[in-house]
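Containing compact mmCIF, C-alpha atoms: structure21.txt.
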```txt
# COMPACT_ATOMS: atom_id res chain seq x y z
CA MET A 1 73.20 80.84 114.87
CA SER A 2 72.68 77.53 116.60
CA VAL A 3 74.40 75.12 114.20
CA ALA A 4 78.10 74.56 114.89
CA PRO A 5 80.49 75.98 112.25
CA VAL A 6 81.72 72.54 111.15
CA GLU A 7 78.21 71.32 110.40
CA ARG A 8 77.26 74.62 108.86
CA ILE A 9 80.12 74.49 106.36
CA GLY A 10 79.16 70.90 105.49
CA ARG A 11 75.69 72.19 104.66
CA TYR A 12 77.08 75.09 102.61
CA LEU A 13 79.24 72.66 100.60
CA LYS A 14 76.17 70.54 99.88
CA LEU A 15 74.19 73.62 98.84
CA LEU A 16 77.02 74.54 96.47
CA GLY A 17 76.95 71.03 95.00
CA LYS A 18 80.55 70.31 95.94
CA LYS A 19 82.10 66.85 95.98
CA PHE A 20 83.70 66.49 99.39
CA GLU A 21 84.65 64.22 102.27
CA PHE A 22 85.00 64.95 105.98
CA ASP A 23 87.73 63.65 108.26
CA PRO A 24 86.17 63.68 111.76
CA THR A 25 89.50 62.97 113.49
CA ALA A 26 91.17 66.04 112.04
CA SER A 27 87.87 67.94 111.76
CA LYS A 28 88.77 68.75 108.19
CA TYR A 29 86.90 68.87 104.89
CA ARG A 30 88.53 67.86 101.63
CA VAL A 31 86.73 69.29 98.62
CA ILE A 32 87.49 67.92 95.16
CA GLU A 33 87.65 70.62 92.51
CA LYS A 34 88.38 70.55 88.81
CA PHE A 35 89.95 73.28 86.68
CA ASP A 36 90.99 72.77 83.05
CA ALA A 37 90.56 69.01 83.47
CA GLU A 38 92.99 69.06 86.42
CA GLU A 39 91.69 67.81 89.77
CA PHE A 40 92.84 69.45 92.96
CA VAL A 41 91.85 69.40 96.61
CA VAL A 42 90.75 72.34 98.74
CA GLU A 43 91.01 71.73 102.49
CA ILE A 44 88.85 73.39 105.12
CA SER A 45 89.96 73.16 108.74
CA PHE A 46 89.03 74.91 111.96
CA THR A 47 90.68 76.66 114.86
CA ARG A 48 88.90 78.12 117.87
CA ASN A 49 87.94 81.34 116.07
CA TRP A 50 88.59 80.66 112.40
CA ALA A 51 87.59 78.50 109.48
CA ILE A 52 90.65 78.14 107.25
CA ILE A 53 90.27 77.33 103.55
CA LEU A 54 93.54 76.21 102.03
CA LEU A 55 94.77 75.28 98.58
CA SER A 56 98.34 74.03 98.19
CA PHE A 57 100.23 74.59 94.94
CA GLY A 58 103.23 72.50 96.01
CA SER A 59 106.79 73.38 96.92
CA ILE A 60 109.14 75.59 94.92
CA LYS A 61 112.10 74.67 97.13
CA ASP A 62 113.99 73.08 94.21
CA LYS A 63 113.80 76.26 92.09
CA PRO A 64 116.81 78.60 91.89
CA VAL A 65 116.78 81.65 94.18
CA ASP A 66 116.27 84.13 91.32
CA ILE A 67 113.13 82.27 90.21
CA ARG A 68 111.86 82.03 93.78
CA CYS A 69 112.46 85.76 94.18
CA LYS A 70 110.35 86.53 91.09
CA VAL A 71 107.61 84.21 92.37
CA PHE A 72 107.57 85.80 95.84
CA GLU A 73 107.44 89.30 94.34
CA ARG A 74 104.55 88.33 92.08
CA LEU A 75 102.65 86.62 94.92
CA LEU A 76 102.90 89.73 97.10
CA LYS A 77 101.71 91.90 94.22
CA LEU A 78 98.76 89.58 93.56
CA ASN A 79 97.87 89.89 97.25
CA ARG A 80 97.65 93.62 96.72
CA GLN A 81 95.86 93.46 93.38
CA TYR A 82 93.10 91.09 94.45
CA ALA A 83 91.29 91.99 97.67
CA GLU A 84 90.02 88.49 98.24
CA VAL A 85 93.19 86.52 97.51
CA CYS A 86 95.91 85.66 100.02
CA PHE A 87 99.01 83.85 98.81
CA CYS A 88 101.55 82.69 101.38
CA ILE A 89 104.29 80.09 101.90
CA ASP A 90 105.38 77.75 104.68
CA ASP A 91 108.91 76.92 105.87
CA ASP A 92 109.31 74.28 103.14
CA TYR A 93 108.49 76.78 100.40
CA ASN A 94 105.08 75.26 99.76
CA VAL A 95 102.92 77.92 98.15
CA TYR A 96 99.33 78.25 99.34
CA CYS A 97 96.30 80.36 98.89
CA GLU A 98 94.61 80.74 102.26
CA GLU A 99 91.26 82.26 103.03
CA ASP A 100 90.24 82.69 106.65
CA ILE A 101 86.76 83.33 107.95
CA LEU A 102 86.24 84.59 111.45
CA LEU A 103 83.62 82.20 112.85
CA ASP A 104 81.60 85.20 114.08
CA ALA A 105 81.32 86.23 110.42
CA LEU A 106 80.42 82.82 109.00
CA THR A 107 77.37 83.02 106.80
CA PHE A 108 76.64 81.29 103.49
CA ASP A 109 77.36 84.44 101.45
CA VAL A 110 80.69 85.09 103.15
CA PHE A 111 81.69 81.44 102.80
CA MET A 112 80.80 81.37 99.12
CA GLU A 113 82.84 84.50 98.31
CA GLU A 114 85.87 83.33 100.30
CA TYR A 115 85.67 79.86 98.79
CA ASN A 116 85.38 81.30 95.29
CA ALA A 117 88.52 83.36 96.02
CA ILE A 118 90.38 80.06 96.32
CA LEU A 119 89.21 79.06 92.85
CA ILE A 120 90.27 82.48 91.51
CA SER A 121 93.70 81.95 93.09
CA LYS A 122 94.07 78.66 91.19
CA GLU A 123 93.44 80.50 87.94
CA LEU A 124 95.86 83.28 88.94
CA TYR A 125 98.55 80.81 89.93
CA ASP A 126 98.31 78.92 86.65
CA LYS A 127 98.33 82.14 84.64
CA GLU A 128 100.82 84.29 86.56
CA ILE A 129 103.08 82.01 88.60
CA GLN A 130 103.37 78.83 86.58
CA PRO A 131 105.07 80.59 83.63
CA LEU A 132 107.70 81.98 86.03
CA LEU A 133 108.45 78.42 87.21
CA THR A 134 108.61 76.84 83.79
CA GLY A 135 110.25 79.80 82.04
CA THR A 136 107.47 79.95 79.44
CA MET B 1 72.82 90.33 96.92
CA SER B 2 73.10 94.11 96.93
CA PHE B 3 74.32 96.55 99.55
CA SER B 4 73.83 100.27 100.06
CA VAL B 5 77.44 101.41 99.89
CA ASP B 6 76.53 104.79 101.44
CA ARG B 7 75.04 103.10 104.47
CA LEU B 8 77.95 100.71 104.83
CA PHE B 9 80.38 103.62 104.62
CA ASP B 10 78.47 105.43 107.40
CA ARG B 11 78.66 102.27 109.44
CA VAL B 12 82.45 102.12 109.04
CA LEU B 13 82.72 105.76 110.18
CA PHE B 14 80.51 104.99 113.16
CA TYR B 15 82.62 101.97 114.16
CA LEU B 16 85.81 104.07 113.95
CA LYS B 17 84.18 106.64 116.21
CA LEU B 18 83.21 103.94 118.70
CA LEU B 19 86.80 102.68 118.70
CA GLY B 20 88.10 106.22 119.27
CA LYS B 21 90.33 106.13 116.20
CA LYS B 22 92.02 109.21 114.79
CA VAL B 23 90.37 109.78 111.42
CA VAL B 24 92.43 112.16 109.28
CA GLU B 25 90.52 112.09 105.99
CA VAL B 26 87.06 111.09 104.85
CA ASN B 27 86.16 110.87 101.17
CA LYS B 28 82.47 110.12 100.78
CA GLU B 29 82.59 110.24 96.97
CA LYS B 30 85.31 107.61 96.64
CA TYR B 31 84.30 105.74 99.80
CA PHE B 32 87.58 105.78 101.68
CA VAL B 33 88.70 106.94 105.07
CA LYS B 34 92.24 107.45 106.33
CA VAL B 35 93.13 106.67 109.92
CA GLU B 36 96.33 107.41 111.78
CA ASP B 37 97.46 104.81 114.30
CA ARG B 38 100.70 104.16 116.19
CA VAL B 39 102.77 101.03 116.70
CA ASN B 40 106.11 101.00 118.54
CA ARG B 41 106.00 104.83 118.40
CA LYS B 42 105.93 104.62 114.61
CA ARG B 43 103.04 106.21 112.77
CA ILE B 44 101.03 103.84 110.65
CA ASP B 45 98.62 105.19 108.04
CA ILE B 46 95.62 102.97 107.52
CA THR B 47 93.27 103.39 104.58
CA ILE B 48 89.85 101.80 104.80
CA ALA B 49 87.97 101.68 101.51
CA LEU B 50 84.73 100.22 100.28
CA VAL B 51 85.26 98.29 97.08
CA PRO B 52 81.92 97.27 95.59
CA PRO B 53 80.43 94.80 95.00
CA PHE B 54 81.66 92.94 98.09
CA TRP B 55 84.69 94.17 100.02
CA VAL B 56 85.76 96.52 102.76
CA THR B 57 89.54 96.68 102.44
CA MET B 58 91.94 97.93 105.10
CA ARG B 59 95.53 98.76 104.17
CA GLY B 60 98.30 99.78 106.53
CA LYS B 61 101.49 100.92 104.86
CA LEU B 62 104.51 99.41 106.60
CA LEU B 63 107.48 100.20 104.43
CA ASP B 64 108.17 102.54 101.57
CA GLY B 65 109.08 100.98 98.23
CA GLU B 66 112.18 103.13 98.14
CA GLU B 67 113.57 101.15 101.08
CA ILE B 68 112.85 97.82 99.42
CA ARG B 69 114.55 98.90 96.21
CA LYS B 70 117.67 99.82 98.21
CA LEU B 71 117.99 96.17 99.25
CA GLY B 72 118.54 94.99 95.68
CA GLY B 73 118.59 91.20 95.36
CA MET B 74 118.44 90.82 99.14
CA ALA B 75 114.80 91.94 98.99
CA TYR B 76 114.23 88.22 98.37
CA ILE B 77 114.58 87.60 102.11
CA VAL B 78 111.98 90.25 102.91
CA TYR B 79 109.50 88.82 100.38
CA ARG B 80 110.04 85.31 101.72
CA GLU B 81 109.53 86.30 105.35
CA LEU B 82 106.43 88.38 104.58
CA LEU B 83 104.84 85.39 102.82
CA LYS B 84 105.78 83.11 105.71
CA LEU B 85 104.26 85.49 108.25
CA SER B 86 101.08 85.58 106.14
CA PHE B 87 100.93 81.78 106.38
CA ARG B 88 101.46 81.67 110.13
CA SER B 89 98.65 84.06 110.90
CA ALA B 90 94.98 83.73 110.07
CA GLU B 91 94.36 87.37 110.81
CA PHE B 92 96.30 89.19 108.11
CA LYS B 93 98.22 89.10 104.88
CA PHE B 94 101.09 91.12 103.50
CA ALA B 95 101.02 92.67 100.06
CA MET B 96 103.11 94.84 97.78
CA ASP B 97 102.16 97.34 95.09
CA ASN B 98 103.97 98.04 91.82
CA GLU B 99 106.09 100.71 93.56
CA TYR B 100 107.28 98.05 96.03
CA ASN B 101 105.47 99.65 98.98
CA ILE B 102 104.72 97.00 101.59
CA TYR B 103 101.28 96.81 103.19
CA ILE B 104 99.43 94.84 105.75
CA THR B 105 95.97 94.17 104.42
CA GLU B 106 92.62 93.02 105.77
CA ASP B 107 89.38 92.45 103.93
CA ILE B 108 85.84 92.13 105.21
CA HIS B 109 82.99 90.93 103.06
CA PHE B 110 80.10 93.44 103.05
CA ALA B 111 77.81 90.71 104.40
CA ALA B 112 80.12 90.27 107.40
CA LEU B 113 80.42 93.94 108.35
CA THR B 114 79.42 94.00 111.99
CA PHE B 115 81.12 95.89 114.81
CA ASP B 116 82.69 92.75 116.31
CA VAL B 117 84.18 91.62 113.02
CA PHE B 118 85.35 95.14 112.15
CA GLU B 119 87.04 95.56 115.54
CA GLU B 120 88.81 92.20 115.31
CA GLU B 121 89.99 92.81 111.73
CA TYR B 122 91.04 96.40 112.43
CA ASN B 123 93.02 95.42 115.52
CA ALA B 124 94.88 92.82 113.49
CA ILE B 125 96.57 95.65 111.56
CA PRO B 126 98.49 97.22 114.47
CA ALA B 127 99.17 93.69 115.78
CA ALA B 128 100.64 92.65 112.42
CA ALA B 129 102.59 95.89 112.19
CA LYS B 130 104.07 95.14 115.62
CA THR B 131 105.06 91.65 114.46
CA PHE B 132 106.62 93.22 111.37
CA TYR B 133 108.57 95.87 113.31
CA ASP B 134 109.67 93.46 116.07
CA ARG B 135 110.61 90.45 113.97
CA LEU B 136 111.24 91.42 110.39
CA TYR B 137 112.31 95.05 110.49
CA PRO B 138 115.55 94.35 112.44
CA GLU B 139 116.45 91.78 109.77
CA ILE B 140 115.73 94.29 107.01
CA LYS B 141 117.97 96.83 108.76
CA GLN B 142 120.71 94.23 109.07
CA ILE B 143 120.50 93.42 105.38
CA ALA B 144 120.57 97.13 104.56
CA GLU B 145 123.69 97.58 106.69
CA SER B 146 125.40 94.70 104.92
CA GLN B 147 124.52 96.39 101.63
CA LYS B 148 125.79 99.69 103.05
CA VAL B 149 122.45 101.43 102.51
CA GLU B 150 120.44 103.38 105.04
CA ILE B 151 116.89 102.42 106.00
CA THR B 152 114.77 104.92 107.90
```
What does the file become when written as structure tokens?
Amino acid sequence: MSVAPVERIGRYLKLLGKKFEFDPTASKYRVIEKFDAEEFVVEISFTRNWAIILLSFGSIKDKPVDIRCKVFERLLKLNRQYAEVCFCIDDDYNVYCEEDILLDALTFDVFMEEYNAILISKELYDKEIQPLLTGT
Amino acid sequence: MSFSVDRLFDRVLFYLKLLGKKVVEVNKEKYFVKVEDRVNRKRIDITIALVPPFWVTMRGKLLDGEEIRKLGGMAYIVYRELLKLSFRSAEFKFAMDNEYNIYITEDIHFAALTFDVFEEEYNAIPAAAKTFYDRLYPEIKQIAESQKVEIT
């Protein structure tokens, strides 16, 4: 594979008909997605060995501990239930879905499946996590 | 895109042989293999399964659900730290089943199943287990002690 991973992912995004922009300074793609009329941004960045696809769902820091506990429990169970989905949090209690592709494994088919997992995670979050946060 | 699951399963067995891993069970009908590995002198049971249409999944069980249930409300800290560790590392994620068993999990897309990828993903499991036992397990034990429950 002679094309560098950054360029290759740009090509894959075009092939998939995605609306996106590239920040050359941060070497990061921002892909604009829409789900149920709501727009959200998927970010794709790179480390030496990995392409990292990230979707942020925002922070749950302001939620009471018992709600956060239920959310964490559910996120871990979703990680088990869905092979392709990886929910995680940072130190500020921002919830993410993160998909990582080893650059040695980067092909169009792998990228498409991992990227689609992010979109599945958005659906899962809205359906399974959001009700825990709003008490509905 | 279609894959011969039988051939992929044989490939997984071949890779495990190349890596010199201790295979303890092979189920060719259900496409899973169980491997026994060791981290910090603790035995870790790893199950590698083919889940059509796309995924090779690897699961290493780290902690029994019984132990998590003993922690009561303090399990919150364990959940939080597992999710944070998943964020800090590109190589692995933590997961929990309905019985509260804690796992380290890895997934490889069928299209990406080569020896180099398999080796890297497999090795992430003992590495993650080591991180878990070195960094999180002492905290779990401490919580258990404060709750006056025993964790094995």
Checklist entry - What lies within 12 Å of Val39 of chain B using only C-alpha atoms, ignoring chain neighbours under 4 positions off, as a PyMOL selection string? => result chain B and resi 43-46+60-62+123-134
Resulting file, chosen residues, C-alpha atoms, as a tab-separated table (two decimals), in the frame of the given file:
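Dumped to selection18.tsv:
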```
chain	number	residue	atom	x	y	z
B	43	ARG	CA	103.04	106.21	112.77
B	44	ILE	CA	101.03	103.84	110.65
B	45	ASP	CA	98.62	105.19	108.04
B	46	ILE	CA	95.62	102.97	107.52
B	60	GLY	CA	98.30	99.78	106.53
B	61	LYS	CA	101.49	100.92	104.86
B	62	LEU	CA	104.51	99.41	106.60
B	123	ASN	CA	93.02	95.42	115.52
B	124	ALA	CA	94.88	92.82	113.49
B	125	ILE	CA	96.57	95.65	111.56
B	126	PRO	CA	98.49	97.22	114.47
B	127	ALA	CA	99.17	93.69	115.78
B	128	ALA	CA	100.64	92.65	112.42
B	129	ALA	CA	102.59	95.89	112.19
B	130	LYS	CA	104.07	95.14	115.62
B	131	THR	CA	105.06	91.65	114.46
B	132	PHE	CA	106.62	93.22	111.37
B	133	TYR	CA	108.57	95.87	113.31
B	134	ASP	CA	109.67	93.46	116.07
```
Compile a residue-level contact table for chain A against chain B at a cut-off of 10 Å, reporting for every qualifying residue the shortest atom pair and its distance in Å to one decimal, with all atoms listed in the file counted, rows ordered by chain and ascending number, as CSV.
```
residue,atom,partner,partner_atom,distance
A:Thr47,CA,B:Ala90,CA,9.6
A:Asn49,CA,B:Ala90,CA,9.6
A:Trp50,CA,B:Ala90,CA,7.5
A:Ala51,CA,B:Ala90,CA,9.1
A:Ile52,CA,B:Ala90,CA,7.6
A:Val65,CA,B:Tyr76,CA,8.2
A:Asp66,CA,B:Tyr76,CA,8.4
A:Arg68,CA,B:Tyr76,CA,8.1
A:Cys69,CA,B:Tyr76,CA,5.2
A:Lys70,CA,B:Tyr76,CA,8.4
A:Val71,CA,B:Tyr79,CA,9.4
A:Phe72,CA,B:Tyr79,CA,5.8
A:Glu73,CA,B:Tyr79,CA,6.4
A:Arg74,CA,B:Met96,CA,8.8
A:Leu75,CA,B:Ala95,CA,8.1
A:Leu76,CA,B:Ala95,CA,4.6
A:Lys77,CA,B:Met96,CA,4.8
A:Leu78,CA,B:Ala95,CA,7.5
A:Asn79,CA,B:Ala95,CA,5.1
A:Arg80,CA,B:Ala95,CA,4.8
A:Gln81,CA,B:Asp97,CA,7.6
A:Tyr82,CA,B:Ala95,CA,9.8
A:Ala83,CA,B:Asp107,CA,6.6
A:Glu84,CA,B:Asp107,CA,7.0
A:Val85,CA,B:Lys93,CA,9.3
A:Cys86,CA,B:Lys93,CA,6.4
A:Phe87,CA,B:Leu83,CA,7.2
A:Cys88,CA,B:Leu83,CA,4.5
A:Ile89,CA,B:Lys84,CA,5.1
A:Asp90,CA,B:Lys84,CA,5.5
A:Asp91,CA,B:Lys84,CA,6.9
A:Asp92,CA,B:Lys84,CA,9.9
A:Tyr93,CA,B:Lys84,CA,8.7
A:Asn94,CA,B:Lys84,CA,9.9
A:Val95,CA,B:Leu83,CA,9.0
A:Tyr96,CA,B:Phe87,CA,8.0
A:Cys97,CA,B:Phe87,CA,8.9
A:Glu98,CA,B:Phe87,CA,7.6
A:Glu99,CA,B:Ala90,CA,8.1
A:Asp100,CA,B:Ala90,CA,5.9
A:Ile101,CA,B:Ala90,CA,8.5
A:Leu102,CA,B:Val117,CA,7.5
A:Leu103,CA,B:Val117,CA,9.4
A:Asp104,CA,B:Val117,CA,7.0
A:Ala105,CA,B:Ala112,CA,5.2
A:Leu106,CA,B:Ala112,CA,7.6
A:Thr107,CA,B:Ala112,CA,7.8
A:Phe108,CA,B:Ala111,CA,9.5
A:Asp109,CA,B:Ala111,CA,6.9
A:Val110,CA,B:His109,CA,6.3
A:Phe111,CA,B:His109,CA,9.6
A:Glu113,CA,B:His109,CA,8.0
A:Glu114,CA,B:His109,CA,8.6
```
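Reported to one decimal place, the separation of atom CA of Gly65 of chain B from atom CA of Lys61 of chain A is 26.5 Å.
A straight line drawn from atom CA of Ala26 of chain A to atom CA of Ser45 of chain A is 7.9 Å long.
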Next on the checklist: Quick check, in Å to one decimal: how far apart do atom CA of Lys28 of chain A and atom CA of Ile44 of chain A lie?
Outcome noted: 5.6 Å
Item to check | Expected answer as a count of residues only: all residues with atoms within 12 Å of (80.4, 67.4, 95.5), all atoms listed in the file | outcome: 21
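Nearest-residue note for Lys141 of chain B: choosing from B:Ile48, B:Leu63, B:Val5, B:Val33, the minimum distance belongs to B:Leu63, counting all atoms listed in the file.
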Could you please fill out segment 71-82 of chain B with all heavy atoms and send it back as a compact mmCIF listing (two decimals), keeping the file's coordinate frame?
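So the final result, stored in selection.txt, reads:
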```txt
# COMPACT_ATOMS: atom_id res chain seq x y z
N LEU B 71 117.46 97.48 98.84
CA LEU B 71 117.99 96.17 99.25
C LEU B 71 118.48 95.33 98.09
O LEU B 71 119.14 94.31 98.29
CB LEU B 71 116.91 95.39 100.03
CG LEU B 71 116.38 96.04 101.30
CD1 LEU B 71 115.29 95.17 101.91
CD2 LEU B 71 117.48 96.27 102.32
N GLY B 72 118.11 95.74 96.87
CA GLY B 72 118.54 94.99 95.68
C GLY B 72 118.06 93.56 95.73
O GLY B 72 116.93 93.28 96.15
N GLY B 73 118.94 92.62 95.39
CA GLY B 73 118.59 91.20 95.36
C GLY B 73 118.24 90.64 96.73
O GLY B 73 117.55 89.62 96.83
N MET B 74 118.71 91.31 97.79
CA MET B 74 118.44 90.82 99.14
C MET B 74 116.97 91.03 99.54
O MET B 74 116.53 90.54 100.59
CB MET B 74 119.35 91.52 100.16
CG MET B 74 120.81 91.26 99.94
SD MET B 74 121.23 89.52 100.12
CE MET B 74 121.51 89.44 101.88
N ALA B 75 116.23 91.76 98.73
CA ALA B 75 114.80 91.94 98.99
C ALA B 75 114.10 90.58 99.01
O ALA B 75 113.04 90.42 99.62
CB ALA B 75 114.16 92.83 97.93
N TYR B 76 114.75 89.60 98.39
CA TYR B 76 114.23 88.22 98.37
C TYR B 76 113.89 87.75 99.78
O TYR B 76 112.85 87.14 100.02
CB TYR B 76 115.29 87.31 97.74
CG TYR B 76 115.10 85.85 98.00
CD1 TYR B 76 114.15 85.11 97.29
CD2 TYR B 76 115.87 85.18 98.97
CE1 TYR B 76 113.98 83.75 97.54
CE2 TYR B 76 115.70 83.84 99.21
CZ TYR B 76 114.75 83.12 98.50
OH TYR B 76 114.58 81.79 98.75
N ILE B 77 114.78 88.05 100.72
CA ILE B 77 114.58 87.60 102.11
C ILE B 77 113.34 88.25 102.71
O ILE B 77 112.55 87.62 103.41
CB ILE B 77 115.84 87.90 102.97
CG1 ILE B 77 117.00 87.07 102.43
CG2 ILE B 77 115.60 87.60 104.44
CD1 ILE B 77 118.35 87.46 102.98
N VAL B 78 113.16 89.52 102.40
CA VAL B 78 111.98 90.25 102.91
C VAL B 78 110.71 89.63 102.33
O VAL B 78 109.76 89.34 103.07
CB VAL B 78 112.06 91.75 102.56
CG1 VAL B 78 110.82 92.49 103.08
CG2 VAL B 78 113.32 92.36 103.13
N TYR B 79 110.68 89.42 101.02
CA TYR B 79 109.50 88.82 100.38
C TYR B 79 109.17 87.48 101.03
O TYR B 79 108.04 87.18 101.37
CB TYR B 79 109.73 88.59 98.88
CG TYR B 79 110.06 89.80 98.05
CD1 TYR B 79 110.74 89.67 96.84
CD2 TYR B 79 109.70 91.08 98.45
CE1 TYR B 79 111.05 90.77 96.05
CE2 TYR B 79 110.01 92.18 97.68
CZ TYR B 79 110.68 92.02 96.48
OH TYR B 79 110.98 93.10 95.71
N ARG B 80 110.22 86.67 101.17
CA ARG B 80 110.04 85.31 101.72
C ARG B 80 109.44 85.37 103.12
O ARG B 80 108.47 84.69 103.44
CB ARG B 80 111.40 84.60 101.75
CG ARG B 80 111.32 83.15 102.20
CD ARG B 80 112.71 82.58 102.41
NE ARG B 80 113.37 83.24 103.54
CZ ARG B 80 114.69 83.21 103.78
NH1 ARG B 80 115.48 82.57 102.96
NH2 ARG B 80 115.21 83.83 104.82
N GLU B 81 110.00 86.24 103.96
CA GLU B 81 109.53 86.30 105.35
C GLU B 81 108.12 86.88 105.45
O GLU B 81 107.33 86.47 106.30
CB GLU B 81 110.52 87.11 106.21
CG GLU B 81 111.88 86.45 106.35
CD GLU B 81 111.81 85.00 106.83
OE1 GLU B 81 111.13 84.73 107.82
OE2 GLU B 81 112.43 84.13 106.18
N LEU B 82 107.79 87.82 104.58
CA LEU B 82 106.43 88.38 104.58
C LEU B 82 105.41 87.29 104.22
O LEU B 82 104.35 87.19 104.84
CB LEU B 82 106.32 89.53 103.57
CG LEU B 82 107.02 90.83 103.93
CD1 LEU B 82 107.03 91.79 102.74
CD2 LEU B 82 106.36 91.51 105.13
```
